[in-house]
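Since the structure comes first, as structure tokens, the remarks are kept for the end.
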Amino acid sequence: MRIIVFSDSHGDPSGMKSALKKHRHVDVVAFCGDGCNDLEEIRNSFRDKEYFAVCGNCDWYCSEPNIQEFEIAGKVIFMTHGHLFGVKQGTDRITDLARQNGYDIVLFGHTHKQLTSVEGGILLVNPGSVGYSDRYTIIDIDEDTGKIKAVEYPDDDFGPVII
């Protein structure tokens, strides 16, 4: 199962369109807020994908929830924009929440800085800003083994994170 994670398009859906054209075999689009109107345009253009989205602090008229919990390929995923959890000051609060609730993957945005790390067996992903820097992350979950691989784009020689 392949998930593409976007956040912070801020009125510019072109980076999402380009990434989805490049990665046609994505099954799920996860959008971490600040550009809900942009996401509607993407949903209309790429109807063959499953979508999960949350409202960001700049999404004033967004009907998406502030948080989402969902399961994909046996992995429990928590998604939020991040402003409600103080992610600009660090990931401790959101990591503690994930640990307490048994989440396997945490998706968030807000900082506009890409982050892919593993904290106590939990994959934390902030895809960065797709609107300002065309950044996003792809997560592959092997449905047979449960292995998770996350790759940041554009690839800046970061290499994949595998858990």
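By order in the structure tokens, chains are A, B, ...; within a chain, residues start at 1; ligands start at 1, following the order shown.
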
Quick one: everything within 7 Å of stretch 120-130 of chain A, counting only C-alpha atoms, minus sequence neighbours fewer than 2 positions away in the same chain. Send it as a list in words.
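Near neighbours after the sequence-gap exclusion: Val5, Phe6, Ser7, Asp8, Ser9, Gly15, Met16, Asp104, Ile105, Val106, Leu107, Phe108, Gly109, His112, Lys113, Gln114, Leu115, Thr116, Ser117, Val118, Tyr132, Ser133, Asp134, Arg135, Tyr136 and Thr137 of chain A.
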
Looking only at the backbone, which of the residues in chain A does DSSP tag as strand (DSSP E), as a ChimeraX atom specification?
/A:2-6,28-31,50-53,67-72,75-80,105-107,114-119,122-127,136-141,148-153,161-162

Report as an MDAnalysis selection string all protein, DNA and RNA residues lying within 12 Å of A:Gly86, evaluated on only C-alpha atoms, omitting residues in the same chain fewer than 4 positions from it.
chainID A and resid 57 80:82 90:95 108:111

For those residues, write N, CA and C atoms to a file as a PDB file, in the first residue's frame.
ATOM      1  N   ASN A  57      -4.284  25.385  10.557  1.00  0.00           N
ATOM      2  CA  ASN A  57      -4.573  26.648  11.234  1.00  0.00           C
ATOM      3  C   ASN A  57      -4.897  27.779  10.262  1.00  0.00           C
ATOM      4  N   THR A  80      -2.742  14.962  11.959  1.00  0.00           N
ATOM      5  CA  THR A  80      -3.175  16.283  12.399  1.00  0.00           C
ATOM      6  C   THR A  80      -2.307  17.310  11.685  1.00  0.00           C
ATOM      7  N   HIS A  81      -2.695  18.574  11.754  1.00  0.00           N
ATOM      8  CA  HIS A  81      -1.848  19.604  11.152  1.00  0.00           C
ATOM      9  C   HIS A  81      -0.610  19.831  12.020  1.00  0.00           C
ATOM     10  N   GLY A  82      -0.794  19.823  13.318  1.00  0.00           N
ATOM     11  CA  GLY A  82       0.346  19.949  14.225  1.00  0.00           C
ATOM     12  C   GLY A  82       0.289  21.153  15.141  1.00  0.00           C
ATOM     13  N   GLY A  90       8.651  21.175  19.084  1.00  0.00           N
ATOM     14  CA  GLY A  90       9.181  19.818  19.186  1.00  0.00           C
ATOM     15  C   GLY A  90       8.079  18.785  19.034  1.00  0.00           C
ATOM     16  N   THR A  91       8.471  17.530  19.003  1.00  0.00           N
ATOM     17  CA  THR A  91       7.519  16.448  18.747  1.00  0.00           C
ATOM     18  C   THR A  91       7.176  15.641  19.998  1.00  0.00           C
ATOM     19  N   ASP A  92       7.616  16.080  21.173  1.00  0.00           N
ATOM     20  CA  ASP A  92       7.372  15.310  22.393  1.00  0.00           C
ATOM     21  C   ASP A  92       5.892  15.063  22.654  1.00  0.00           C
ATOM     22  N   ARG A  93       5.059  16.095  22.544  1.00  0.00           N
ATOM     23  CA  ARG A  93       3.631  15.942  22.840  1.00  0.00           C
ATOM     24  C   ARG A  93       2.951  14.969  21.888  1.00  0.00           C
ATOM     25  N   ILE A  94       3.250  15.109  20.615  1.00  0.00           N
ATOM     26  CA  ILE A  94       2.591  14.256  19.633  1.00  0.00           C
ATOM     27  C   ILE A  94       3.126  12.817  19.719  1.00  0.00           C
ATOM     28  N   THR A  95       4.393  12.663  20.059  1.00  0.00           N
ATOM     29  CA  THR A  95       4.971  11.325  20.229  1.00  0.00           C
ATOM     30  C   THR A  95       4.382  10.644  21.463  1.00  0.00           C
ATOM     31  N   PHE A 108       1.936  14.823  10.262  1.00  0.00           N
ATOM     32  CA  PHE A 108       1.625  16.206  10.633  1.00  0.00           C
ATOM     33  C   PHE A 108       2.376  17.167   9.724  1.00  0.00           C
ATOM     34  N   GLY A 109       2.007  18.433   9.779  1.00  0.00           N
ATOM     35  CA  GLY A 109       2.656  19.476   8.986  1.00  0.00           C
ATOM     36  C   GLY A 109       2.993  20.663   9.856  1.00  0.00           C
ATOM     37  N   HIS A 110       2.596  21.855   9.419  1.00  0.00           N
ATOM     38  CA  HIS A 110       2.654  23.113  10.150  1.00  0.00           C
ATOM     39  C   HIS A 110       4.026  23.788  10.150  1.00  0.00           C
ATOM     40  N   THR A 111       5.101  23.061  10.287  1.00  0.00           N
ATOM     41  CA  THR A 111       6.420  23.692  10.401  1.00  0.00           C
ATOM     42  C   THR A 111       7.029  24.035   9.045  1.00  0.00           C
TER      43      THR A 111
END

Name the closest residue to A:Phe31 among the candidates A:Ile138, A:Ala98, A:Ala19, A:Ala53; distances are taken between atoms, counting only C-alpha atoms.
A:Ala53

Compile the contact shell of A:Gly102 as a PyMOL selection string: residues with an atom at most 10 Å away, counting only C-alpha atoms, same-chain residues fewer than 4 positions apart removed.
chain A and resi 75-78+96-98+122

Based on the selection just made, write N, CA and C atoms of those residues as a PDB file, in the first residue's frame.
ATOM      1  N   LYS A  75      -1.767  -0.905   9.828  1.00  0.00           N
ATOM      2  CA  LYS A  75      -1.066   0.118  10.613  1.00  0.00           C
ATOM      3  C   LYS A  75      -2.049   1.209  11.013  1.00  0.00           C
ATOM      4  N   VAL A  76      -2.007   1.596  12.292  1.00  0.00           N
ATOM      5  CA  VAL A  76      -2.890   2.641  12.794  1.00  0.00           C
ATOM      6  C   VAL A  76      -2.172   3.982  12.639  1.00  0.00           C
ATOM      7  N   ILE A  77      -2.843   4.903  11.961  1.00  0.00           N
ATOM      8  CA  ILE A  77      -2.242   6.183  11.600  1.00  0.00           C
ATOM      9  C   ILE A  77      -3.013   7.306  12.273  1.00  0.00           C
ATOM     10  N   PHE A  78      -2.258   8.242  12.857  1.00  0.00           N
ATOM     11  CA  PHE A  78      -2.811   9.460  13.449  1.00  0.00           C
ATOM     12  C   PHE A  78      -2.337  10.622  12.591  1.00  0.00           C
ATOM     13  N   ASP A  96       4.228  11.383  22.556  1.00  0.00           N
ATOM     14  CA  ASP A  96       3.603  10.825  23.758  1.00  0.00           C
ATOM     15  C   ASP A  96       2.175  10.369  23.472  1.00  0.00           C
ATOM     16  N   LEU A  97       1.429  11.179  22.743  1.00  0.00           N
ATOM     17  CA  LEU A  97       0.058  10.819  22.367  1.00  0.00           C
ATOM     18  C   LEU A  97       0.054   9.527  21.543  1.00  0.00           C
ATOM     19  N   ALA A  98       0.964   9.435  20.605  1.00  0.00           N
ATOM     20  CA  ALA A  98       1.045   8.239  19.759  1.00  0.00           C
ATOM     21  C   ALA A  98       1.367   7.003  20.587  1.00  0.00           C
ATOM     22  N   ILE A 122       7.649   4.300  16.512  1.00  0.00           N
ATOM     23  CA  ILE A 122       6.584   5.072  15.857  1.00  0.00           C
ATOM     24  C   ILE A 122       7.210   5.915  14.754  1.00  0.00           C
TER      25      ILE A 122
END

Compare A:Ala150, A:His83, A:Pro13, A:Trp60 by their minimum atom-to-atom distance to A:Met1, counting only C-alpha atoms, and give me the closest one.
A:Ala150

For A:Gly35, please output as a count of residues only all residues within 8 Å (counting only C-alpha atoms; exclusion window: fewer than 4 positions along the same chain).
10
